[in-house]
Every structure is written in C-alpha cells, then in structure tokens.
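Heads up, target_26.csv below (CSV, C-alpha atoms):
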```csv
chain,number,residue,atom,x,y,z
C,62,MET,CA,-6.5,42.2,-63.4
C,63,THR,CA,-10.1,41.3,-63.9
C,64,ASP,CA,-10.1,37.7,-65.0
C,65,LYS,CA,-13.4,35.8,-64.9
C,66,THR,CA,-13.5,33.0,-62.3
C,67,ALA,CA,-11.0,30.3,-62.6
C,68,SER,CA,-12.1,26.6,-63.0
C,69,ASP,CA,-10.4,23.3,-62.3
C,70,ALA,CA,-8.2,23.2,-59.2
C,71,ARG,CA,-7.2,19.6,-59.7
C,72,GLN,CA,-3.4,19.1,-60.1
C,73,LEU,CA,-2.2,17.6,-63.3
C,74,TYR,CA,0.9,15.4,-63.7
C,75,PHE,CA,2.8,14.1,-66.7
C,76,GLU,CA,0.6,11.0,-66.8
C,77,ASP,CA,-2.5,13.1,-67.3
C,78,PHE,CA,-1.4,14.7,-70.5
C,79,GLU,CA,-2.2,13.0,-73.8
C,80,VAL,CA,-1.9,14.4,-77.3
C,81,GLY,CA,-5.1,16.1,-78.3
C,82,ARG,CA,-6.3,17.0,-74.7
C,83,ARG,CA,-7.6,20.5,-74.6
C,84,PHE,CA,-7.9,23.2,-72.0
C,85,THR,CA,-9.7,26.6,-72.0
C,86,THR,CA,-8.9,29.5,-69.7
C,87,ALA,CA,-11.1,32.2,-68.2
C,88,SER,CA,-11.0,35.5,-70.1
C,89,HIS,CA,-9.3,38.8,-69.5
C,90,GLU,CA,-10.4,42.2,-70.8
C,91,ILE,CA,-7.5,44.6,-71.8
C,92,ASP,CA,-8.0,48.3,-71.9
C,93,GLU,CA,-6.0,51.3,-73.0
C,94,ALA,CA,-4.7,52.0,-69.5
C,95,GLN,CA,-3.2,48.5,-69.2
C,96,ILE,CA,-1.7,48.7,-72.6
C,97,VAL,CA,0.0,52.0,-71.9
C,98,ALA,CA,1.2,51.0,-68.4
C,99,PHE,CA,2.9,47.8,-69.7
C,100,ALA,CA,4.4,49.7,-72.6
C,101,GLN,CA,5.8,52.5,-70.3
C,102,GLN,CA,7.6,49.8,-68.3
C,103,PHE,CA,8.7,47.3,-71.0
C,104,ASP,CA,8.0,48.5,-74.6
C,105,PRO,CA,8.0,52.3,-74.8
C,106,GLN,CA,7.1,52.8,-78.4
C,107,PRO,CA,4.5,55.3,-79.8
C,108,PHE,CA,2.1,52.6,-81.1
C,109,HIS,CA,1.9,51.1,-77.6
C,110,LEU,CA,1.9,54.4,-75.7
C,111,ASP,CA,-0.3,56.9,-77.4
C,112,ALA,CA,-3.6,56.3,-79.3
C,113,GLU,CA,-3.2,59.4,-81.4
C,114,ALA,CA,0.5,58.9,-82.3
C,115,ALA,CA,-0.3,55.3,-83.1
C,116,LYS,CA,-2.5,56.2,-86.0
C,117,GLN,CA,0.5,57.2,-88.1
C,118,THR,CA,2.4,53.9,-87.4
C,119,PHE,CA,2.5,50.3,-88.8
C,120,PHE,CA,-0.3,49.4,-86.5
C,121,GLY,CA,-2.7,52.2,-87.5
C,122,GLY,CA,-3.9,52.6,-83.9
C,123,LEU,CA,-3.0,51.7,-80.3
C,124,ALA,CA,-1.9,48.1,-80.0
C,125,ALA,CA,-0.6,46.1,-77.0
C,126,SER,CA,3.0,45.0,-76.9
C,127,GLY,CA,3.3,41.4,-78.0
C,128,TRP,CA,5.0,40.7,-74.7
C,129,HIS,CA,1.9,42.1,-72.9
C,130,THR,CA,-0.3,39.7,-74.9
C,131,ALA,CA,2.2,36.9,-73.9
C,132,SER,CA,2.1,37.9,-70.3
C,133,ILE,CA,-1.7,38.0,-70.1
C,134,THR,CA,-1.7,34.6,-71.8
C,135,MET,CA,0.6,33.3,-69.1
C,136,ARG,CA,-1.6,34.7,-66.3
C,137,LEU,CA,-4.7,33.1,-67.8
C,138,LEU,CA,-2.9,29.7,-68.1
C,139,VAL,CA,-1.5,29.9,-64.6
C,140,THR,CA,-4.7,31.1,-62.9
C,141,SER,CA,-7.3,29.1,-64.9
C,142,GLY,CA,-5.9,27.1,-67.7
C,143,LEU,CA,-3.3,24.5,-66.7
C,144,PRO,CA,-3.4,23.3,-63.1
C,145,ILE,CA,0.0,21.5,-63.4
C,146,ALA,CA,1.4,20.0,-60.3
C,147,GLY,CA,4.5,22.1,-59.5
C,148,GLY,CA,3.4,25.0,-61.6
C,149,VAL,CA,3.5,26.1,-65.3
C,150,ILE,CA,7.2,26.0,-66.1
C,151,GLY,CA,8.3,26.8,-69.6
C,152,ALA,CA,11.6,25.7,-71.0
C,153,GLY,CA,11.0,27.7,-74.1
C,154,GLY,CA,8.9,27.8,-77.3
C,155,GLU,CA,7.7,29.6,-80.4
C,156,ILE,CA,5.5,32.6,-80.5
C,157,THR,CA,3.8,34.5,-83.3
C,158,TRP,CA,1.4,37.5,-83.2
C,159,PRO,CA,-0.8,37.2,-86.3
C,160,ARG,CA,-2.8,40.3,-85.3
C,161,PRO,CA,-2.5,43.0,-82.7
C,162,THR,CA,-4.3,43.0,-79.4
C,163,ARG,CA,-6.4,46.2,-79.2
C,164,PRO,CA,-8.0,48.2,-76.3
C,165,GLY,CA,-11.3,46.5,-75.3
C,166,ASP,CA,-10.2,43.1,-76.5
C,167,VAL,CA,-11.4,40.2,-74.3
C,168,LEU,CA,-8.8,37.5,-74.5
C,169,THR,CA,-9.2,33.8,-73.9
C,170,VAL,CA,-6.6,31.1,-74.3
C,171,GLU,CA,-7.4,27.7,-75.9
C,172,SER,CA,-4.6,25.1,-75.5
C,173,GLU,CA,-4.1,21.6,-77.0
C,174,VAL,CA,-1.4,19.0,-76.1
C,175,ILE,CA,0.8,18.6,-79.2
C,176,GLU,CA,3.5,16.3,-77.9
C,177,VAL,CA,4.4,14.3,-74.8
C,178,THR,CA,8.0,13.5,-74.3
C,179,ALA,CA,9.3,11.2,-71.6
C,180,SER,CA,12.9,11.6,-70.3
C,181,ARG,CA,15.6,8.9,-69.9
C,182,SER,CA,17.9,11.1,-67.8
C,183,LYS,CA,15.2,12.7,-65.6
C,184,PRO,CA,12.6,10.0,-64.8
C,185,GLU,CA,10.8,12.2,-62.4
C,186,ARG,CA,9.5,14.6,-65.1
C,187,GLY,CA,8.9,15.0,-68.8
C,188,ILE,CA,8.2,17.7,-71.4
C,189,VAL,CA,4.7,18.4,-72.6
C,190,THR,CA,4.4,20.6,-75.7
C,191,ILE,CA,1.3,22.7,-75.8
C,192,ARG,CA,-0.1,24.9,-78.5
C,193,SER,CA,-1.9,27.9,-76.9
C,194,ASP,CA,-4.0,30.1,-79.1
C,195,THR,CA,-5.0,33.5,-77.6
C,196,ARG,CA,-8.2,34.8,-79.1
C,197,ASN,CA,-10.2,38.0,-78.9
C,198,GLN,CA,-14.0,38.4,-78.5
C,199,HIS,CA,-14.3,38.1,-82.3
C,200,ASP,CA,-12.6,34.7,-82.3
C,201,GLU,CA,-9.6,36.2,-84.0
C,202,THR,CA,-6.2,34.8,-83.0
C,203,VAL,CA,-3.9,37.4,-81.6
C,204,GLN,CA,-1.1,35.0,-80.5
C,205,ILE,CA,-0.1,31.4,-81.2
C,206,MET,CA,2.4,29.9,-78.8
C,207,LEU,CA,4.0,26.5,-78.8
C,208,ALA,CA,5.4,26.0,-75.4
C,209,ARG,CA,7.6,23.2,-74.0
C,210,LEU,CA,6.5,22.7,-70.4
C,211,VAL,CA,8.4,20.8,-67.7
C,212,VAL,CA,5.8,18.5,-66.0
C,213,PRO,CA,6.5,16.2,-63.0
C,214,ARG,CA,5.4,12.6,-63.0
C,215,ARG,CA,2.9,11.4,-60.3
C,216,GLU,CA,4.8,8.2,-59.6
C,217,THR,CA,8.5,8.5,-59.9
C,218,THR,CA,9.4,5.0,-59.0
C,219,SER,CA,7.2,3.2,-61.4
C,220,ALA,CA,8.0,5.8,-64.0
C,221,ARG,CA,11.7,4.9,-63.7
C,222,SER,CA,11.0,1.3,-64.3
C,223,ARG,CA,8.9,2.1,-67.3
C,224,SER,CA,11.2,4.7,-68.8
C,225,SER,CA,13.2,2.3,-71.0
C,226,SER,CA,10.2,0.8,-72.7
C,227,THR,CA,8.2,4.0,-73.2
C,228,THR,CA,7.1,4.8,-76.7
C,229,CYS,CA,7.5,8.5,-76.1
C,230,GLN,CA,10.4,10.2,-77.7
C,231,PRO,CA,13.3,11.2,-75.4
C,232,ASP,CA,14.4,14.7,-75.5
C,233,SER,CA,18.0,15.5,-74.7
C,234,ARG,CA,17.4,19.3,-74.6
C,235,GLN,CA,15.2,19.3,-71.5
C,236,PRO,CA,16.3,20.9,-68.3
Z,242,MET,CA,13.4,51.0,-64.5
Z,243,THR,CA,17.0,51.8,-64.1
Z,244,ASP,CA,18.7,51.1,-67.4
Z,245,LYS,CA,22.1,52.6,-68.0
Z,246,THR,CA,22.3,55.3,-70.6
Z,247,ALA,CA,21.2,54.4,-74.1
Z,248,SER,CA,23.5,54.8,-77.1
Z,249,ASP,CA,22.9,55.2,-80.8
Z,250,ALA,CA,20.0,57.4,-81.8
Z,251,ARG,CA,20.5,56.9,-85.5
Z,252,GLN,CA,17.6,55.3,-87.2
Z,253,LEU,CA,18.2,52.0,-89.0
Z,254,TYR,CA,16.4,50.8,-92.2
Z,255,PHE,CA,16.3,47.5,-93.9
Z,256,GLU,CA,19.3,48.4,-96.1
Z,257,ASP,CA,21.4,48.9,-92.9
Z,258,PHE,CA,21.1,45.3,-91.7
Z,259,GLU,CA,23.5,42.7,-93.0
Z,260,VAL,CA,24.0,39.2,-91.6
Z,261,GLY,CA,26.6,39.2,-88.8
Z,262,ARG,CA,26.0,42.8,-87.7
Z,263,ARG,CA,26.0,43.0,-83.9
Z,264,PHE,CA,24.3,45.3,-81.4
Z,265,THR,CA,24.7,45.5,-77.6
Z,266,THR,CA,22.2,47.2,-75.3
Z,267,ALA,CA,22.6,49.1,-72.1
Z,268,SER,CA,22.1,47.0,-68.9
Z,269,HIS,CA,19.3,46.6,-66.4
Z,270,GLU,CA,19.5,45.4,-62.8
Z,271,ILE,CA,16.6,43.3,-61.6
Z,272,ASP,CA,15.7,43.0,-58.0
Z,273,GLU,CA,13.3,40.9,-55.8
Z,274,ALA,CA,10.7,43.7,-55.8
Z,275,GLN,CA,10.5,43.8,-59.6
Z,276,ILE,CA,10.3,40.0,-59.9
Z,277,VAL,CA,7.5,39.8,-57.4
Z,278,ALA,CA,5.6,42.8,-58.9
Z,279,PHE,CA,5.7,41.3,-62.4
Z,280,ALA,CA,4.7,37.9,-61.0
Z,281,GLN,CA,1.7,39.3,-59.1
Z,282,GLN,CA,0.4,40.8,-62.2
Z,283,PHE,CA,1.2,38.1,-64.9
Z,284,ASP,CA,2.7,34.9,-63.4
Z,285,PRO,CA,1.5,34.4,-59.9
Z,286,GLN,CA,3.4,31.2,-58.9
Z,287,PRO,CA,5.3,30.6,-55.7
Z,288,PHE,CA,8.7,30.4,-57.3
Z,289,HIS,CA,8.2,34.0,-58.7
Z,290,LEU,CA,6.4,35.4,-55.7
Z,291,ASP,CA,8.1,34.3,-52.5
Z,292,ALA,CA,11.8,33.7,-51.9
Z,293,GLU,CA,11.1,31.3,-49.0
Z,294,ALA,CA,8.4,29.3,-50.7
Z,295,ALA,CA,10.6,29.2,-53.9
Z,296,LYS,CA,13.3,27.1,-52.1
Z,297,GLN,CA,11.0,24.0,-52.2
Z,298,THR,CA,10.3,24.3,-55.9
Z,299,PHE,CA,11.9,23.3,-59.3
Z,300,PHE,CA,13.9,26.6,-59.2
Z,301,GLY,CA,15.3,26.2,-55.7
Z,302,GLY,CA,14.9,29.9,-55.0
Z,303,LEU,CA,13.2,33.0,-56.3
Z,304,ALA,CA,13.4,33.3,-60.1
Z,305,ALA,CA,11.9,35.9,-62.5
Z,306,SER,CA,9.1,34.8,-64.8
Z,307,GLY,CA,10.5,34.0,-68.3
Z,308,TRP,CA,8.0,36.6,-69.6
Z,309,HIS,CA,9.6,39.2,-67.3
Z,310,THR,CA,13.0,38.4,-68.7
Z,311,ALA,CA,11.5,38.7,-72.2
Z,312,SER,CA,9.9,42.0,-71.3
Z,313,ILE,CA,13.1,43.5,-69.9
Z,314,THR,CA,15.0,42.2,-73.0
Z,315,MET,CA,12.4,44.1,-75.1
Z,316,ARG,CA,12.9,47.3,-73.1
Z,317,LEU,CA,16.6,47.1,-73.5
Z,318,LEU,CA,16.3,46.5,-77.3
Z,319,VAL,CA,13.8,49.4,-77.7
Z,320,THR,CA,15.6,51.9,-75.5
Z,321,SER,CA,19.2,51.2,-76.3
Z,322,GLY,CA,19.8,48.3,-78.7
Z,323,LEU,CA,18.0,48.5,-82.0
Z,324,PRO,CA,17.2,52.0,-83.2
Z,325,ILE,CA,15.0,50.7,-86.1
Z,326,ALA,CA,13.1,53.3,-88.1
Z,327,GLY,CA,9.4,52.8,-87.3
Z,328,GLY,CA,10.2,50.9,-84.1
Z,329,VAL,CA,11.0,47.4,-83.0
Z,330,ILE,CA,8.1,45.4,-84.4
Z,331,GLY,CA,8.2,41.6,-84.0
Z,332,ALA,CA,6.2,39.2,-86.1
Z,333,GLY,CA,7.2,36.3,-83.9
Z,334,GLY,CA,10.1,34.2,-83.0
Z,335,GLU,CA,11.5,31.5,-80.8
Z,336,ILE,CA,12.5,31.8,-77.2
Z,337,THR,CA,14.3,29.6,-74.7
Z,338,TRP,CA,15.3,30.2,-71.1
Z,339,PRO,CA,18.4,28.1,-70.4
Z,340,ARG,CA,18.8,29.4,-66.9
Z,341,PRO,CA,16.6,31.5,-64.5
Z,342,THR,CA,17.0,35.2,-64.0
Z,343,ARG,CA,17.6,35.8,-60.2
Z,344,PRO,CA,17.3,38.8,-57.9
Z,345,GLY,CA,20.4,41.0,-58.3
Z,346,ASP,CA,21.1,39.9,-61.9
Z,347,VAL,CA,22.3,42.7,-64.2
Z,348,LEU,CA,21.0,41.9,-67.7
Z,349,THR,CA,22.5,43.0,-71.0
Z,350,VAL,CA,21.4,41.9,-74.5
Z,351,GLU,CA,23.7,41.1,-77.3
Z,352,SER,CA,22.1,40.7,-80.7
Z,353,GLU,CA,23.3,39.5,-84.1
Z,354,VAL,CA,21.6,39.7,-87.5
Z,355,ILE,CA,21.0,36.1,-88.6
Z,356,GLU,CA,18.9,36.5,-91.8
Z,357,VAL,CA,17.7,39.4,-94.0
Z,358,THR,CA,14.7,38.6,-96.1
Z,359,ALA,CA,13.3,40.9,-98.8
Z,360,SER,CA,9.7,40.9,-99.7
Z,361,ARG,CA,8.1,40.5,-103.1
Z,362,SER,CA,4.6,41.5,-102.0
Z,363,LYS,CA,5.6,44.3,-99.7
Z,364,PRO,CA,8.5,46.2,-101.3
Z,365,GLU,CA,8.4,48.9,-98.6
Z,366,ARG,CA,9.7,46.6,-95.9
Z,367,GLY,CA,11.5,43.3,-95.2
Z,368,ILE,CA,12.0,40.8,-92.4
Z,369,VAL,CA,15.2,40.9,-90.4
Z,370,THR,CA,15.8,37.9,-88.1
Z,371,ILE,CA,17.9,38.7,-85.1
Z,372,ARG,CA,19.3,36.4,-82.4
Z,373,SER,CA,19.3,38.2,-79.0
Z,374,ASP,CA,21.2,36.6,-76.1
Z,375,THR,CA,20.3,38.0,-72.7
Z,376,ARG,CA,23.2,37.6,-70.3
Z,377,ASN,CA,23.7,38.2,-66.6
Z,378,GLN,CA,26.7,39.8,-64.9
Z,379,HIS,CA,28.5,36.4,-64.9
Z,380,ASP,CA,28.1,36.2,-68.7
Z,381,GLU,CA,25.7,33.4,-68.3
Z,382,THR,CA,22.8,33.3,-70.8
Z,383,VAL,CA,19.4,33.5,-69.3
Z,384,GLN,CA,17.4,33.9,-72.5
Z,385,ILE,CA,18.0,33.2,-76.2
Z,386,MET,CA,15.5,34.8,-78.6
Z,387,LEU,CA,15.3,34.5,-82.4
Z,388,ALA,CA,13.0,37.3,-83.5
Z,389,ARG,CA,11.6,38.1,-86.9
Z,390,LEU,CA,11.4,41.9,-87.1
Z,391,VAL,CA,9.4,44.0,-89.6
Z,392,VAL,CA,11.8,46.6,-90.9
Z,393,PRO,CA,11.0,49.4,-93.4
Z,394,ARG,CA,13.2,50.2,-96.4
Z,395,ARG,CA,14.8,53.6,-96.7
Z,396,GLU,CA,14.0,54.0,-100.3
Z,397,THR,CA,10.8,52.3,-101.4
Z,398,THR,CA,10.9,53.3,-105.0
Z,399,SER,CA,14.3,51.9,-105.8
Z,400,ALA,CA,13.6,49.0,-103.5
Z,401,ARG,CA,10.6,48.0,-105.7
Z,402,SER,CA,12.7,48.0,-108.9
Z,403,ARG,CA,15.4,45.9,-107.2
Z,404,SER,CA,13.1,43.4,-105.5
Z,405,SER,CA,12.9,40.9,-108.3
Z,406,SER,CA,16.7,40.6,-108.6
Z,407,THR,CA,17.5,40.5,-104.9
Z,408,THR,CA,19.5,37.5,-103.6
Z,409,CYS,CA,17.6,37.5,-100.3
Z,410,GLN,CA,15.0,34.8,-99.8
Z,411,PRO,CA,11.4,35.9,-100.0
Z,412,ASP,CA,9.2,35.0,-97.1
Z,413,SER,CA,5.5,34.4,-97.6
Z,414,ARG,CA,4.8,34.4,-93.9
Z,415,GLN,CA,5.5,38.1,-93.3
Z,416,PRO,CA,2.8,40.5,-92.4
```
Would you mind writing the structure in this file as structure tokens?
Amino acid sequence: MTDKTASDARQLYFEDFEVGRRFTTASHEIDEAQIVAFAQQFDPQPFHLDAEAAKQTFFGGLAASGWHTASITMRLLVTSGLPIAGGVIGAGGEITWPRPTRPGDVLTVESEVIEVTASRSKPERGIVTIRSDTRNQHDETVQIMLARLVVPRRETTSARSRSSSTTCQPDSRQP
Amino acid sequence: MTDKTASDARQLYFEDFEVGRRFTTASHEIDEAQIVAFAQQFDPQPFHLDAEAAKQTFFGGLAASGWHTASITMRLLVTSGLPIAGGVIGAGGEITWPRPTRPGDVLTVESEVIEVTASRSKPERGIVTIRSDTRNQHDETVQIMLARLVVPRRETTSARSRSSSTTCQPDSRQP
C-alpha cells in the first residue's frame, strides 16, 4: 500500500469527541492490479476482474469491489485518520457506494462526528458515530459510511460518577 | 481460498425474487494466516495482527477485521449463494458485527429476501433487499448485513408496461 504520510499520533478518548469534529486521512492511490487482486480473492466478478469484459457490464468499465473501497477506507482511518485509544473498533454501520472506484483513483477519507453516546451499563466506554466520506481526486464521493465506533473513556472513575447525569443518549445496543 | 463446492449455476432475475425466498452459501474456513494477511493490508491493528498482543485488547484474542468478514461473505455470495444475472451488485446497506470472527471459524452465509422494489425510472432493473447472516460452525452470528442489490429484469419490454401497476414500492434512491 502506498499511503501518503500519516499525521496525528495523539491518542483520542471518548471525551475528545464532540459532534461536528472533523478528521481527514492521508490518501491512497488504487490501480488496476490492486482492484483485480482484491476481486480474485473476495469478489470474483467480471467487472472487478477484467477491464475488457467490464465494458459490457453495469459498470461500463473496471471498477473496484465496494468491499475493497471499504477496506481501503478502513486502512486510511486506522493509519492516518482516527488515532483512537484502543483502536478503531466498529460495532456496525451503514454504507453506500454512490459511484464506483476506478483504476487511478486517489482516495481520501473525510470524517465528521455525528453523535456521541454515553453508556449506562459500560461506563468505561461509549459509542461515537462517525460519518466518513471517501472521495476521489475529482472530489467525487465513492463511499459514504456511518460507523458506530466503540471508544474508551480516558477517566473511568469520574466517568462512572457522571454517567447518570450525562446529557448524552444511552444506547442499549452497544457491545 | 478454500470454499466448499458451489451450487446453483442458474441465473436469477428480478422476477425470481420474492420476499421470504432463502439462499445458503457454501462454507469457508478462516485461519490465523488469512486474518493477519488481510489486517496487514487493510486493518493493521494489534487485535487483528498478533494473537499474543490481542489478548490485552477489547477482543481478548485474535479477531478478524469486520471488513474481512464482510469480504468473505461477499465471496461466498458471489461464488455459491446468489447467482444473479449480471452479478451481485450492491448499492449499499447496513452491517453489524455482533461477535468477532476467530481463527478456525467456518463461515456460512444464509440469506433471505426482505424487500423487492420495482423502479419507475429504470424499468430494466429493480432493487432487491437481502438480509445475509454470516454464521460460524457453532451457529453463532458474526455478521448481519442488509444489502440493497441491483437486479436486472428478465423481460424489459413487458416489465415496462407493468411498471405503473406494480404493487412494489418505488425507490428513488436506486442507481
């Protein structure tokens, strides 16, 4: 992988996330060889495997698997976008691919905190919902992801005493 | 990849999908080497890279990246689960990981048609929403995915004349 240099190495805790805070990753250039290699392993369909055969398909040319775009997005978030203490751990989310990723695309991920949800049952962590838009070099969006991330608190003890008076919405679904 | 033998080679069109129809894939066994190789490329975090380091983390041991589970699910659907004419093409969906995928897990995907949506603007295709549960050998669910798939009609001409009287719900979001 040929990501541009990563940035912030500071570790982020639940207390550091507020709605509206934004993060931008480094960028990654995808080429035909990467698209085909991923597809051979995980999504072996003509429009991901063969530029010539792809012309006759829905995509009208070679396109990356949506799961490849998602995986590159994850790499960018992990290596340069979201330095969360304990790691980038997703409980789930929503994903759409408004436009295919093509050979030669240079992808960058821009993220924004959408919701911050404290926990009653697990005072040592919370859920941060982040919207991550993956864009190509023409500023076209190839993926929109709403991810629910499990984020540890910096101070568990004081967090526990605060948890009953928090204004954040508790979420019974969290792990 | 070492999937068990695939099954039905018959091509499915929009007309073949009705709510409640079910599909089951072949199975795939994941091992530590696969988990680490995927993580090195797309999700380089200790709990996906190193069994020993993973013990001290949220996961309490080596776990596959959720995107790895998603990618294996896609492979199983493409090679043995959903023989859709034109391919398995997702417009987007929702994904949750209720439980980690572990080394040695044997994954199988069970899918059910949840919604079938005709199109007014694109009479040659429709959207089929499928719920796919990825389960391990203990019948525990490691991933739930609701995917909106773009599916071509078998007969475009007659489909066009029927489209105004269809009982299916039109969907303006479709590609």
For chain Z, work out the contacting residues on chain C at 9 Å, counting all atoms listed in the file, and write them as a ChimeraX atom specification. /C:62,100,102-108,118-119,127-129,131-140,147-159,236
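From atom CA of C:Arg71 back to atom CA of Z:Ala305, the distance works out to 25.3 Å.
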Distance query stretch 252-268 of chain Z at most 10 Å, only C-alpha atoms, self and fewer than 2 positions along chain excluded, as a ChimeraX atom specification: /Z:243-250,270-271,313-314,316-328,347-359,365-378,391-396,400
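Counting from atom CA of Z:His269, the distance to atom CA of Z:Gly301 is 23.4 Å.
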For stretch 166-170 of chain C, I'd like the enclosing box, axis-aligned and padded by 4 Å on every side, reported as lines of an AutoDock Vina configuration file with centre and edge lengths in Å to one decimal.
```
center_x = -9.0
center_y = 37.1
center_z = -75.2
size_x = 12.8
size_y = 20.0
size_z = 10.6
```
Mind pulling up the distance from atom CA of Z:Leu290 to atom CA of Z:Pro344? 11.6 Å
